[in-house]
Structure formats: structure tokens, C-alpha cells
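Engineer: Contents of model.csv (CSV, C-alpha atoms and all ligand atoms):
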```
chain,number,residue,atom,x,y,z
A,1,MET,CA,0.0,0.0,0.0
A,2,GLN,CA,1.4,3.3,-1.1
A,3,VAL,CA,0.4,6.3,1.2
A,4,ILE,CA,0.7,9.8,-0.2
A,5,LEU,CA,0.3,12.8,2.1
A,6,CYS,CA,-1.0,16.0,0.6
A,7,ASP,CA,-1.5,19.4,2.0
A,8,SER,CA,-5.1,20.1,0.9
A,9,ALA,CA,-8.2,18.5,-0.7
A,10,GLU,CA,-7.2,20.2,-4.0
A,11,HIS,CA,-3.7,18.6,-3.8
A,12,VAL,CA,-5.3,15.2,-3.1
A,13,GLY,CA,-7.5,15.7,-6.3
A,14,LYS,CA,-4.5,16.5,-8.4
A,15,ARG,CA,-2.5,13.5,-7.3
A,16,ALA,CA,-5.4,11.2,-7.8
A,17,ALA,CA,-6.2,12.7,-11.2
A,18,ASP,CA,-2.6,12.1,-12.3
A,19,ILE,CA,-3.1,8.3,-11.8
A,20,VAL,CA,-6.5,8.3,-13.5
A,21,GLU,CA,-5.2,10.4,-16.4
A,22,ASP,CA,-2.4,7.8,-17.1
A,23,TYR,CA,-5.0,5.1,-17.7
A,24,VAL,CA,-7.3,7.4,-19.7
A,25,ARG,CA,-4.5,8.6,-22.0
A,26,ALA,CA,-3.4,4.9,-22.6
A,27,GLY,CA,-6.8,4.4,-24.3
A,28,SER,CA,-10.0,2.3,-23.7
A,29,ALA,CA,-9.8,2.6,-19.9
A,30,VAL,CA,-12.3,1.1,-17.6
A,31,LEU,CA,-12.8,3.4,-14.6
A,32,GLY,CA,-14.4,2.5,-11.3
A,33,LEU,CA,-16.3,5.6,-10.0
A,34,ALA,CA,-17.2,6.3,-6.4
A,35,THR,CA,-19.8,8.8,-5.2
A,36,GLY,CA,-19.6,10.8,-1.9
A,37,GLY,CA,-17.8,14.0,-1.1
A,38,SER,CA,-14.3,12.4,-1.0
A,39,PRO,CA,-13.7,12.1,-4.8
A,40,SER,CA,-15.1,15.6,-5.5
A,41,SER,CA,-11.8,17.3,-5.9
A,42,THR,CA,-10.6,14.4,-8.1
A,43,TYR,CA,-13.6,14.8,-10.4
A,44,ARG,CA,-13.2,18.6,-10.5
A,45,GLU,CA,-9.6,18.2,-11.5
A,46,LEU,CA,-10.4,15.6,-14.2
A,47,ILE,CA,-13.1,18.0,-15.6
A,48,ARG,CA,-10.6,20.8,-15.6
A,49,ARG,CA,-8.1,18.7,-17.6
A,50,HIS,CA,-10.9,17.7,-20.0
A,51,ARG,CA,-11.7,21.4,-20.6
A,52,GLU,CA,-8.2,22.9,-20.6
A,53,GLU,CA,-5.9,20.0,-21.5
A,54,SER,CA,-8.0,18.0,-23.9
A,55,LEU,CA,-8.2,14.9,-21.7
A,56,GLY,CA,-10.8,12.8,-23.6
A,57,PHE,CA,-13.1,10.2,-22.2
A,58,SER,CA,-14.9,9.2,-25.4
A,59,ASP,CA,-13.6,5.7,-25.3
A,60,VAL,CA,-13.7,5.3,-21.5
A,61,ARG,CA,-16.2,2.9,-19.9
A,62,ALA,CA,-17.2,3.4,-16.2
A,63,PHE,CA,-18.7,1.3,-13.5
A,64,THR,CA,-20.0,2.8,-10.3
A,65,LEU,CA,-19.5,1.1,-7.0
A,66,ASP,CA,-22.9,1.0,-5.5
A,67,GLU,CA,-26.6,2.1,-5.6
A,68,TYR,CA,-29.5,2.5,-3.2
A,69,ALA,CA,-32.2,-0.2,-3.5
A,70,GLY,CA,-35.6,1.1,-4.5
A,71,LEU,CA,-34.4,4.2,-6.3
A,72,ALA,CA,-34.9,4.5,-10.0
A,73,PRO,CA,-31.8,5.6,-11.9
A,74,ASP,CA,-33.3,9.1,-12.5
A,75,HIS,CA,-34.1,9.6,-8.8
A,76,GLU,CA,-32.3,12.8,-7.7
A,77,GLN,CA,-30.4,10.9,-4.9
A,78,SER,CA,-29.6,7.8,-6.9
A,79,TYR,CA,-25.9,7.2,-7.3
A,80,HIS,CA,-26.6,7.1,-11.1
A,81,THR,CA,-27.8,10.7,-11.0
A,82,THR,CA,-25.1,11.7,-8.5
A,83,ILE,CA,-22.2,10.5,-10.6
A,84,ARG,CA,-23.7,12.2,-13.7
A,85,ARG,CA,-24.1,15.5,-11.8
A,86,GLU,CA,-20.6,15.3,-10.2
A,87,PHE,CA,-18.6,14.0,-13.2
A,88,VAL,CA,-20.0,12.2,-16.2
A,89,ASP,CA,-22.2,15.0,-17.6
A,90,HIS,CA,-19.2,17.4,-17.6
A,91,VAL,CA,-16.9,15.3,-19.8
A,92,ASP,CA,-17.3,13.5,-23.1
A,93,LEU,CA,-17.9,10.0,-21.6
A,94,PRO,CA,-20.8,8.6,-23.6
A,95,LEU,CA,-23.8,7.9,-21.3
A,96,GLU,CA,-24.2,4.4,-22.7
A,97,ASN,CA,-20.7,3.7,-21.4
A,98,LEU,CA,-21.7,4.5,-17.8
A,99,MET,CA,-22.8,1.4,-15.9
A,100,THR,CA,-24.6,1.5,-12.5
A,101,PRO,CA,-26.4,-1.2,-10.7
A,102,GLN,CA,-30.1,-0.7,-11.1
A,103,GLY,CA,-31.8,-0.2,-7.7
A,104,ASP,CA,-35.4,-0.3,-8.7
A,105,VAL,CA,-35.6,-3.9,-10.1
A,106,SER,CA,-37.8,-6.6,-8.5
A,107,ASP,CA,-34.9,-9.2,-8.3
A,108,LEU,CA,-32.0,-7.4,-6.7
A,109,ALA,CA,-29.9,-10.5,-6.3
A,110,ALA,CA,-30.1,-11.2,-10.0
A,111,GLU,CA,-29.2,-7.6,-10.8
A,112,ALA,CA,-26.2,-7.9,-8.5
A,113,GLU,CA,-25.0,-11.0,-10.3
A,114,ARG,CA,-25.6,-9.4,-13.7
A,115,TYR,CA,-23.6,-6.3,-12.7
A,116,ASP,CA,-20.6,-8.3,-11.3
A,117,ALA,CA,-20.6,-10.3,-14.6
A,118,ALA,CA,-20.7,-7.1,-16.7
A,119,ILE,CA,-17.5,-5.8,-14.9
A,120,GLY,CA,-15.8,-9.1,-15.8
A,121,ALA,CA,-17.0,-9.0,-19.4
A,122,ALA,CA,-15.6,-5.5,-19.8
A,123,GLY,CA,-12.2,-6.9,-18.8
A,124,GLY,CA,-12.2,-5.7,-15.2
A,125,VAL,CA,-11.7,-2.2,-13.8
A,126,ASP,CA,-8.3,-0.5,-14.5
A,127,VAL,CA,-8.5,2.1,-11.7
A,128,GLN,CA,-11.1,2.0,-9.0
A,129,ILE,CA,-11.6,5.4,-7.2
A,130,LEU,CA,-12.7,4.9,-3.6
A,131,GLY,CA,-13.7,7.0,-0.6
A,132,ILE,CA,-13.9,5.5,2.9
A,133,GLY,CA,-16.7,5.7,5.4
A,134,ALA,CA,-16.1,6.9,8.9
A,135,ASN,CA,-16.7,3.2,10.0
A,136,GLY,CA,-14.1,1.9,7.5
A,137,HIS,CA,-16.6,0.9,4.7
A,138,ILE,CA,-15.7,1.0,1.0
A,139,GLY,CA,-18.5,1.1,-1.5
A,140,PHE,CA,-21.3,0.0,0.9
A,141,ASN,CA,-19.3,-2.9,2.3
A,142,GLU,CA,-20.1,-2.3,6.0
A,143,PRO,CA,-18.1,-3.7,8.8
A,144,THR,CA,-18.2,-7.5,9.0
A,145,SER,CA,-18.6,-7.8,5.1
A,146,SER,CA,-16.8,-10.8,3.8
A,147,LEU,CA,-13.4,-9.9,2.4
A,148,SER,CA,-14.0,-12.0,-0.7
A,149,SER,CA,-17.6,-10.9,-1.3
A,150,ARG,CA,-19.0,-10.2,-4.8
A,151,THR,CA,-21.6,-7.6,-5.9
A,152,ARG,CA,-24.7,-8.2,-3.7
A,153,VAL,CA,-27.5,-6.8,-1.7
A,154,LYS,CA,-26.5,-5.3,1.6
A,155,THR,CA,-28.3,-3.7,4.6
A,156,LEU,CA,-26.9,-0.2,5.3
A,157,ALA,CA,-25.5,0.4,8.8
A,158,GLY,CA,-27.4,2.8,11.0
A,159,THR,CA,-24.4,5.1,11.1
A,160,THR,CA,-24.2,5.2,7.3
A,161,ARG,CA,-27.9,6.0,7.0
A,162,ARG,CA,-27.4,8.8,9.5
A,163,ASP,CA,-24.3,10.1,7.7
A,164,ASN,CA,-26.2,10.2,4.4
A,165,ALA,CA,-29.6,11.5,5.7
A,166,ARG,CA,-28.5,15.0,4.9
A,167,PHE,CA,-28.8,14.3,1.2
A,168,PHE,CA,-32.5,13.2,1.4
A,169,SER,CA,-35.0,16.0,1.8
A,170,ASP,CA,-37.3,13.8,4.0
A,171,GLY,CA,-34.2,12.3,5.8
A,172,GLU,CA,-35.5,8.8,4.7
A,173,VAL,CA,-32.4,6.9,3.5
A,174,PRO,CA,-33.1,3.5,1.9
A,175,ARG,CA,-32.3,0.5,4.1
A,176,LEU,CA,-30.9,-1.7,1.4
A,177,CYS,CA,-28.3,-1.2,-1.4
A,178,LEU,CA,-26.4,-3.0,-4.1
A,179,THR,CA,-22.7,-2.8,-3.8
A,180,GLN,CA,-19.7,-4.2,-5.5
A,181,GLY,CA,-18.1,-6.7,-3.0
A,182,LEU,CA,-14.7,-6.5,-1.5
A,183,GLY,CA,-13.6,-9.4,-3.7
A,184,THR,CA,-14.9,-7.5,-6.8
A,185,ILE,CA,-13.1,-4.2,-5.7
A,186,ARG,CA,-9.9,-6.1,-5.1
A,187,GLU,CA,-9.7,-7.2,-8.7
A,188,ALA,CA,-9.3,-3.6,-10.0
A,189,ARG,CA,-5.8,-3.2,-11.3
A,190,THR,CA,-5.2,-0.1,-9.2
A,191,ALA,CA,-7.2,0.8,-6.1
A,192,LEU,CA,-7.1,4.5,-5.5
A,193,LEU,CA,-8.5,5.7,-2.2
A,194,VAL,CA,-8.9,9.3,-1.3
A,195,ALA,CA,-9.7,10.6,2.2
A,196,MET,CA,-10.0,14.0,3.7
A,197,GLY,CA,-11.0,15.4,7.1
A,198,ALA,CA,-10.6,14.5,10.8
A,199,ASN,CA,-13.8,12.3,10.8
A,200,LYS,CA,-11.9,9.9,8.6
A,201,ALA,CA,-8.7,9.8,10.6
A,202,GLU,CA,-9.6,6.7,12.8
A,203,ALA,CA,-10.9,4.7,9.8
A,204,VAL,CA,-7.7,5.6,7.8
A,205,ARG,CA,-5.5,4.5,10.8
A,206,ALA,CA,-7.4,1.2,11.0
A,207,MET,CA,-7.1,0.7,7.2
A,208,VAL,CA,-3.4,1.4,7.0
A,209,GLU,CA,-2.0,0.3,10.3
A,210,GLY,CA,-4.6,-2.1,11.8
A,211,PRO,CA,-5.0,-5.8,11.1
A,212,VAL,CA,-6.7,-6.9,7.9
A,213,SER,CA,-10.1,-7.4,9.3
A,214,ALA,CA,-13.8,-7.4,8.2
A,215,HIS,CA,-14.3,-5.0,11.1
A,216,CYS,CA,-12.5,-2.4,8.9
A,217,PRO,CA,-13.5,-3.4,5.3
A,218,ALA,CA,-11.0,-0.9,3.8
A,219,SER,CA,-8.1,-2.8,5.4
A,220,VAL,CA,-8.5,-5.4,2.6
A,221,LEU,CA,-6.6,-3.0,0.5
A,222,GLN,CA,-3.4,-4.1,2.4
A,223,LEU,CA,-3.7,-7.2,0.3
A,224,HIS,CA,-4.1,-5.4,-3.0
A,225,ARG,CA,-1.2,-5.5,-5.5
A,226,ARG,CA,-1.4,-1.8,-6.2
A,227,ALA,CA,-3.3,0.3,-3.6
A,228,VAL,CA,-2.7,4.0,-3.5
A,229,VAL,CA,-4.1,6.0,-0.6
A,230,ILE,CA,-4.0,9.8,-0.9
A,231,LEU,CA,-4.7,11.8,2.3
A,232,ASP,CA,-5.0,15.4,3.5
A,233,PRO,CA,-3.3,16.3,6.8
A,234,ASP,CA,-6.5,15.8,8.9
A,235,ALA,CA,-7.3,12.3,7.5
A,236,ALA,CA,-3.6,11.4,8.1
A,237,SER,CA,-3.4,12.8,11.6
A,238,LEU,CA,-3.6,9.5,13.5
A,239,LEU,CA,-0.9,7.7,11.4
B,301,LIG,C1,-20.9,6.5,1.0
B,301,LIG,C2,-20.5,5.7,-0.3
B,301,LIG,C3,-19.1,5.4,-0.3
B,301,LIG,C4,-18.3,6.6,0.1
B,301,LIG,C5,-18.5,6.8,1.6
B,301,LIG,C6,-17.9,8.1,2.2
B,301,LIG,O1,-21.9,6.1,1.8
B,301,LIG,N1,-21.3,4.5,-0.5
B,301,LIG,O2,-18.7,5.0,-1.7
B,301,LIG,O3,-16.9,6.5,-0.1
B,301,LIG,O4,-19.8,6.6,2.0
B,301,LIG,O5,-18.6,9.2,1.8
B,301,LIG,P1,-18.0,10.6,1.8
B,301,LIG,O6,-16.9,10.6,0.8
B,301,LIG,O7,-19.1,11.6,1.4
B,301,LIG,O8,-17.5,10.9,3.2
```
Translate this structure into C-alpha cells?

Structural biologist:
Amino acid sequence: MQVILCDSAEHVGKRAADIVEDYVRAGSAVLGLATGGSPSSTYRELIRRHREESLGFSDVRAFTLDEYAGLAPDHEQSYHTTIRREFVDHVDLPLENLMTPQGDVSDLAAEAERYDAAIGAAGGVDVQILGIGANGHIGFNEPTSSLSSRTRVKTLAGTTRRDNARFFSDGEVPRLCLTQGLGTIREARTALLVAMGANKAEAVRAMVEGPVSAHCPASVLQLHRRAVVILDPDAASLL
């Protein structure tokens, strides 16, 4: 695991964008996209490079990490809508190349299996962008998730539902989700985790210095062949 310390969120975004850009410029990249606040500075920097430095995404395919169960793709809080708003709609990545698990289907287990297979059929993810939850989750793999899990239906932890309630006007966060599993995420050729802020410091410490344990799902990245963790000073403060 390579840990890179940066002096600000903007700096984190630039270092992360450098790694993503290498894959995009190499051609036909498959990107793994995360939602949440953490990758915002990375997406802003990639959008800037698209506009000012002709970084093109027209032959890129992208898979998101997770989705809330019960929300249609065009729901304003679905992760499909979120990733379009935060990144995809601002670059030339064709919408048909954006894959997200579909949360409003009747058979969620079948959808999870289909999605996992689609990632494999695309040749796997080249670079998976990740944030980390305050409880150490990646994607929606909450503590006690199997370290070899595949894309599947999960129940959201109470803390995660409380953390994300601010995004829902009625405060009603779905109870279930679809998420790539830790085994799926581990297959990405590069795992690129960005974290900012003091509320992530304990989870970052457990991920980097703690034992590999399902109690901190992100610690599975210690076993990854190329995991890069990029931190601001607050997120790195307990290392
Ligand atoms: C969310 C997402 C994760 C994200 C994490 C942290 O619930 N499912 O993919 O990395 O929690 O979110 P944030 O970056 O907003 O702190």
C-alpha cells in the first residue's frame, strides 16, 4: 500500500487525477467511480483537464461502486444521478458507457449477479476510485462484510444511514443497497482511495496500520497488488 500525504483537498484531487489520467491517455480505460464527497476534488480536476488540457473520455467505460435499492436511476439521490451530476455530464464520456447497478428492479440478487458479470465482461476495472466511510466501509461494504464478497444486496449500517440522511429532503435513506463486493473491488488493477477530514482519521488508521479485518473493510486494500491511498493532513493525523 502506497500512502501519499498531501497538503489540501485540491492537492489530493491533483495526485489522484494524475493516476486516472495515465489510464485514460493509454486508451480504452475502464474506470471505477465512487460517489460521496471524498472524490469531488478528483472529479473537479479531471473535468478541468478535460476542458483545458484535452483529456478525452470518449472511449472510456465506467462502473459505479454501488446504488441504493428502491431508487430509479433518474431519482435525484440515486448514485446514477449523482455520478452524472458530479462528473460524467461534464466530460465526453458517452452515457451508454456509464454502468450503474439498477436499484429499482424486483430481483435485486439477479441484478447484483448481472452487474458483477458485466464488470468481468468489460475486462475488469483499471483504476477504482474509492472513498472511505467513517466506519471503514468502502462502497457499501459495511463492517463484517466478507473480504471476498461479490456484488450483492446489503443492509446499510445505521451510522451510514445517519451520515447520508443530509442528502435526502425527507431524511429517509433507503435501508438496502447494491454494492460491489470487497472481492470485486480487489480485482481492480489499481485501487485509488482518497480521504479528507478529521472524521476519517480513525478509519484511515485502521485501514493502513490495523490488522486486515472485516471490522474495517478498507483494510482489505493491504492485500491489494497496487493500492494507493491519498490523504489530506486531517485524514492522516492518526498515522
Ligand atoms: C458513502 C458511499 C461510499 C463513500 C463513503 C464516504 O456512503 N457509499 O462510496 O466512499 O460513503 O462518503 P464521503 O466521501 O461523502 O465521506

Engineer: Using only C-alpha atoms, which residues sit within 9 Å of Glu202 in chain A once same-chain residues fewer than 4 positions away are excluded, as number ranges by chain?

Structural biologist: A: 134-136, 198, 206-207, 235-239

Engineer: What do you get as a PyMOL selection string if you pick all residues at most 6 Å from ligand LIG 301 (chain B), counting all atoms listed in the file?

Structural biologist: chain A and resi 34-38+130-133+138-140

Engineer: Calculate how many Å separate CA of His90 in chain A from CA of His11 in chain A, rounding to one decimal.

Structural biologist: 20.8 Å

Engineer: Using all atoms listed in the file, determine which residues lie at most 8 Å from Leu108 in chain A, disregarding the query and same-chain residues fewer than 3 positions distant; provide the list as JSON, numbers by chain.

Structural biologist: {"A": [69, 103, 105, 111, 112, 152, 153, 178]}

Engineer: Could those selected residues go to a file with C-alpha atoms, as an mmCIF file, in the frame of the given file?

Structural biologist:
```
data_model
loop_
_atom_site.group_PDB
_atom_site.id
_atom_site.type_symbol
_atom_site.label_atom_id
_atom_site.label_comp_id
_atom_site.auth_asym_id
_atom_site.auth_seq_id
_atom_site.Cartn_x
_atom_site.Cartn_y
_atom_site.Cartn_z
ATOM 1 C CA ALA A 69 -32.200 -0.200 -3.500
ATOM 2 C CA GLY A 103 -31.800 -0.200 -7.700
ATOM 3 C CA VAL A 105 -35.600 -3.900 -10.100
ATOM 4 C CA GLU A 111 -29.200 -7.600 -10.800
ATOM 5 C CA ALA A 112 -26.200 -7.900 -8.500
ATOM 6 C CA ARG A 152 -24.700 -8.200 -3.700
ATOM 7 C CA VAL A 153 -27.500 -6.800 -1.700
ATOM 8 C CA LEU A 178 -26.400 -3.000 -4.100
#
```

Engineer: What is the distance between CA of Gly13 in chain A and CA of Pro174 in chain A, in Å to one decimal?

Structural biologist: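 Between these atoms lies a distance of 29.5 Å.
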
Engineer: Please compute the CA of Ile230 in chain A-CA of Leu156 in chain A distance, one decimal, in Å.

Structural biologist: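 So the two atoms, CA of Ile230 in chain A and CA of Leu156 in chain A, lie 25.7 Å apart.
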
Engineer: Find the spatial neighbours of Ala9 in chain A, counting only C-alpha atoms, within a cut-off of 12 Å - ignore same-chain residues fewer than 5 positions away - and output them as a PyMOL selection string.

Structural biologist: chain A and resi 14-16+37-45+194-197+230-235

Engineer: Leaving out Ala188 in chain A and any residue of its chain fewer than 6 positions from it, which residues lie within 10 Å of it when counting only C-alpha atoms, given as a list of chain:residue names?

Structural biologist: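 Counting only C-alpha atoms, the residues come to A:Val30, A:Leu31, A:Gly32, A:Ile119, A:Gly123, A:Gly124, A:Val125, A:Asp126, A:Val127, A:Gln128, A:Ile129, A:His224, A:Arg225, A:Arg226, A:Ala227.
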
Engineer: For Phe167 in chain A, which of A:Thr82, A:His137, A:Asp116, A:Leu46 is the closest residue, counting only C-alpha atoms?

Structural biologist: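 Looking only at the distances to Phe167 in chain A, the closest residue turns out to be A:Thr82.
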
Engineer: May I ask which of the residues A:Ser58, A:Gln180, A:Ser169, A:Thr64 is the closest one to Lys154 in chain A, counting all atoms listed in the file?

Structural biologist: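 Counting all atoms listed in the file, the residue closest to Lys154 in chain A is A:Gln180.
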
Engineer: Find the residues near Ser78 in chain A: any atom within 7 Å, counting only C-alpha atoms, skip ones fewer than 5 places away on the same chain, and give them as a list in words.

Structural biologist: Glu67, Tyr68, Leu71, Ala72 and Pro73 of chain A

Engineer: Let me make sure I understand: among A:Val204, A:Leu33, A:Ser8, A:Ile19, which one has the smallest atom-to-atom distance to Glu86 in chain A if we use all atoms listed in the file?

Structural biologist: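 Checking each candidate against Glu86 in chain A, we get A:Leu33 as the closest.
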
Engineer: Please determine, counting only C-alpha atoms, which residue among A:Val228, A:Leu147, A:Cys177, A:Met99 has the shortest atom-to-atom distance to Arg61 in chain A.

Structural biologist: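 Using only C-alpha atoms, the shortest distance to Arg61 in chain A belongs to A:Met99.
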
Engineer: Point out the residue among A:Asp104, A:Glu21, A:Asp66, A:Asp89 with the least atom-to-atom distance to Thr179 in chain A, counting all atoms listed in the file.

Structural biologist: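 The answer is A:Asp66, which sits nearest to Thr179 in chain A.
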
Engineer: Go through A:Ser148, A:Ser54, A:Gln2, A:Asn97 and flag the residue nearest Arg186 in chain A, using all atoms listed in the file for the distances.

Structural biologist: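 Checking each of A:Ser148, A:Ser54, A:Gln2, A:Asn97 against Arg186 in chain A, counting all atoms listed in the file, the winner is A:Ser148.
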
Engineer: Reconstruct N, CA and C atoms of range 59-81 of chain A; output as a PDB file, in the coordinates of the input.

Structural biologist:
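Below you can see selection00.pdb, which holds the result:
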```
ATOM      1  N   ASP A  59     -13.667   7.131 -25.221  1.00  0.00           N
ATOM      2  CA  ASP A  59     -13.600   5.700 -25.300  1.00  0.00           C
ATOM      3  C   ASP A  59     -13.449   5.005 -23.931  1.00  0.00           C
ATOM      4  N   VAL A  60     -13.819   5.778 -22.895  1.00  0.00           N
ATOM      5  CA  VAL A  60     -13.700   5.300 -21.500  1.00  0.00           C
ATOM      6  C   VAL A  60     -15.080   4.577 -21.177  1.00  0.00           C
ATOM      7  N   ARG A  61     -14.993   3.451 -20.469  1.00  0.00           N
ATOM      8  CA  ARG A  61     -16.200   2.900 -19.900  1.00  0.00           C
ATOM      9  C   ARG A  61     -16.075   3.003 -18.351  1.00  0.00           C
ATOM     10  N   ALA A  62     -17.212   3.151 -17.686  1.00  0.00           N
ATOM     11  CA  ALA A  62     -17.200   3.400 -16.200  1.00  0.00           C
ATOM     12  C   ALA A  62     -18.221   2.574 -15.515  1.00  0.00           C
ATOM     13  N   PHE A  63     -17.829   2.042 -14.364  1.00  0.00           N
ATOM     14  CA  PHE A  63     -18.700   1.300 -13.500  1.00  0.00           C
ATOM     15  C   PHE A  63     -18.761   1.992 -12.135  1.00  0.00           C
ATOM     16  N   THR A  64     -19.957   2.278 -11.623  1.00  0.00           N
ATOM     17  CA  THR A  64     -20.000   2.800 -10.300  1.00  0.00           C
ATOM     18  C   THR A  64     -19.953   1.688  -9.252  1.00  0.00           C
ATOM     19  N   LEU A  65     -19.659   2.066  -8.017  1.00  0.00           N
ATOM     20  CA  LEU A  65     -19.500   1.100  -7.000  1.00  0.00           C
ATOM     21  C   LEU A  65     -20.754   0.508  -6.411  1.00  0.00           C
ATOM     22  N   ASP A  66     -21.773   1.375  -6.312  1.00  0.00           N
ATOM     23  CA  ASP A  66     -22.900   1.000  -5.500  1.00  0.00           C
ATOM     24  C   ASP A  66     -24.158   1.778  -5.905  1.00  0.00           C
ATOM     25  N   GLU A  67     -25.297   1.382  -5.353  1.00  0.00           N
ATOM     26  CA  GLU A  67     -26.600   2.100  -5.600  1.00  0.00           C
ATOM     27  C   GLU A  67     -27.542   1.762  -4.492  1.00  0.00           C
ATOM     28  N   TYR A  68     -28.396   2.726  -4.187  1.00  0.00           N
ATOM     29  CA  TYR A  68     -29.500   2.500  -3.200  1.00  0.00           C
ATOM     30  C   TYR A  68     -30.523   1.571  -3.826  1.00  0.00           C
ATOM     31  N   ALA A  69     -31.030   0.615  -3.045  1.00  0.00           N
ATOM     32  CA  ALA A  69     -32.200  -0.200  -3.500  1.00  0.00           C
ATOM     33  C   ALA A  69     -33.426   0.628  -3.454  1.00  0.00           C
ATOM     34  N   GLY A  70     -34.269   0.438  -4.447  1.00  0.00           N
ATOM     35  CA  GLY A  70     -35.600   1.100  -4.500  1.00  0.00           C
ATOM     36  C   GLY A  70     -35.577   2.426  -5.202  1.00  0.00           C
ATOM     37  N   LEU A  71     -34.405   2.961  -5.532  1.00  0.00           N
ATOM     38  CA  LEU A  71     -34.400   4.200  -6.300  1.00  0.00           C
ATOM     39  C   LEU A  71     -34.194   3.979  -7.754  1.00  0.00           C
ATOM     40  N   ALA A  72     -35.051   4.611  -8.580  1.00  0.00           N
ATOM     41  CA  ALA A  72     -34.900   4.500 -10.000  1.00  0.00           C
ATOM     42  C   ALA A  72     -33.617   5.302 -10.415  1.00  0.00           C
ATOM     43  N   PRO A  73     -32.990   4.936 -11.544  1.00  0.00           N
ATOM     44  CA  PRO A  73     -31.800   5.600 -11.900  1.00  0.00           C
ATOM     45  C   PRO A  73     -31.905   7.144 -11.997  1.00  0.00           C
ATOM     46  N   ASP A  74     -33.109   7.633 -12.372  1.00  0.00           N
ATOM     47  CA  ASP A  74     -33.300   9.100 -12.500  1.00  0.00           C
ATOM     48  C   ASP A  74     -33.718   9.770 -11.212  1.00  0.00           C
ATOM     49  N   HIS A  75     -33.802   9.022 -10.110  1.00  0.00           N
ATOM     50  CA  HIS A  75     -34.100   9.600  -8.800  1.00  0.00           C
ATOM     51  C   HIS A  75     -32.999  10.618  -8.464  1.00  0.00           C
ATOM     52  N   GLU A  76     -33.343  11.760  -7.878  1.00  0.00           N
ATOM     53  CA  GLU A  76     -32.300  12.800  -7.700  1.00  0.00           C
ATOM     54  C   GLU A  76     -31.192  12.348  -6.696  1.00  0.00           C
ATOM     55  N   GLN A  77     -31.478  11.382  -5.814  1.00  0.00           N
ATOM     56  CA  GLN A  77     -30.400  10.900  -4.900  1.00  0.00           C
ATOM     57  C   GLN A  77     -29.848   9.558  -5.292  1.00  0.00           C
ATOM     58  N   SER A  78     -30.270   9.016  -6.454  1.00  0.00           N
ATOM     59  CA  SER A  78     -29.600   7.800  -6.900  1.00  0.00           C
ATOM     60  C   SER A  78     -28.163   8.043  -7.162  1.00  0.00           C
ATOM     61  N   TYR A  79     -27.323   7.025  -7.036  1.00  0.00           N
ATOM     62  CA  TYR A  79     -25.900   7.200  -7.300  1.00  0.00           C
ATOM     63  C   TYR A  79     -25.692   7.389  -8.842  1.00  0.00           C
ATOM     64  N   HIS A  80     -26.639   6.872  -9.643  1.00  0.00           N
ATOM     65  CA  HIS A  80     -26.600   7.100 -11.100  1.00  0.00           C
ATOM     66  C   HIS A  80     -26.656   8.600 -11.374  1.00  0.00           C
ATOM     67  N   THR A  81     -27.673   9.248 -10.798  1.00  0.00           N
ATOM     68  CA  THR A  81     -27.800  10.700 -11.000  1.00  0.00           C
ATOM     69  C   THR A  81     -26.648  11.447 -10.391  1.00  0.00           C
TER      70      THR A  81
END
```
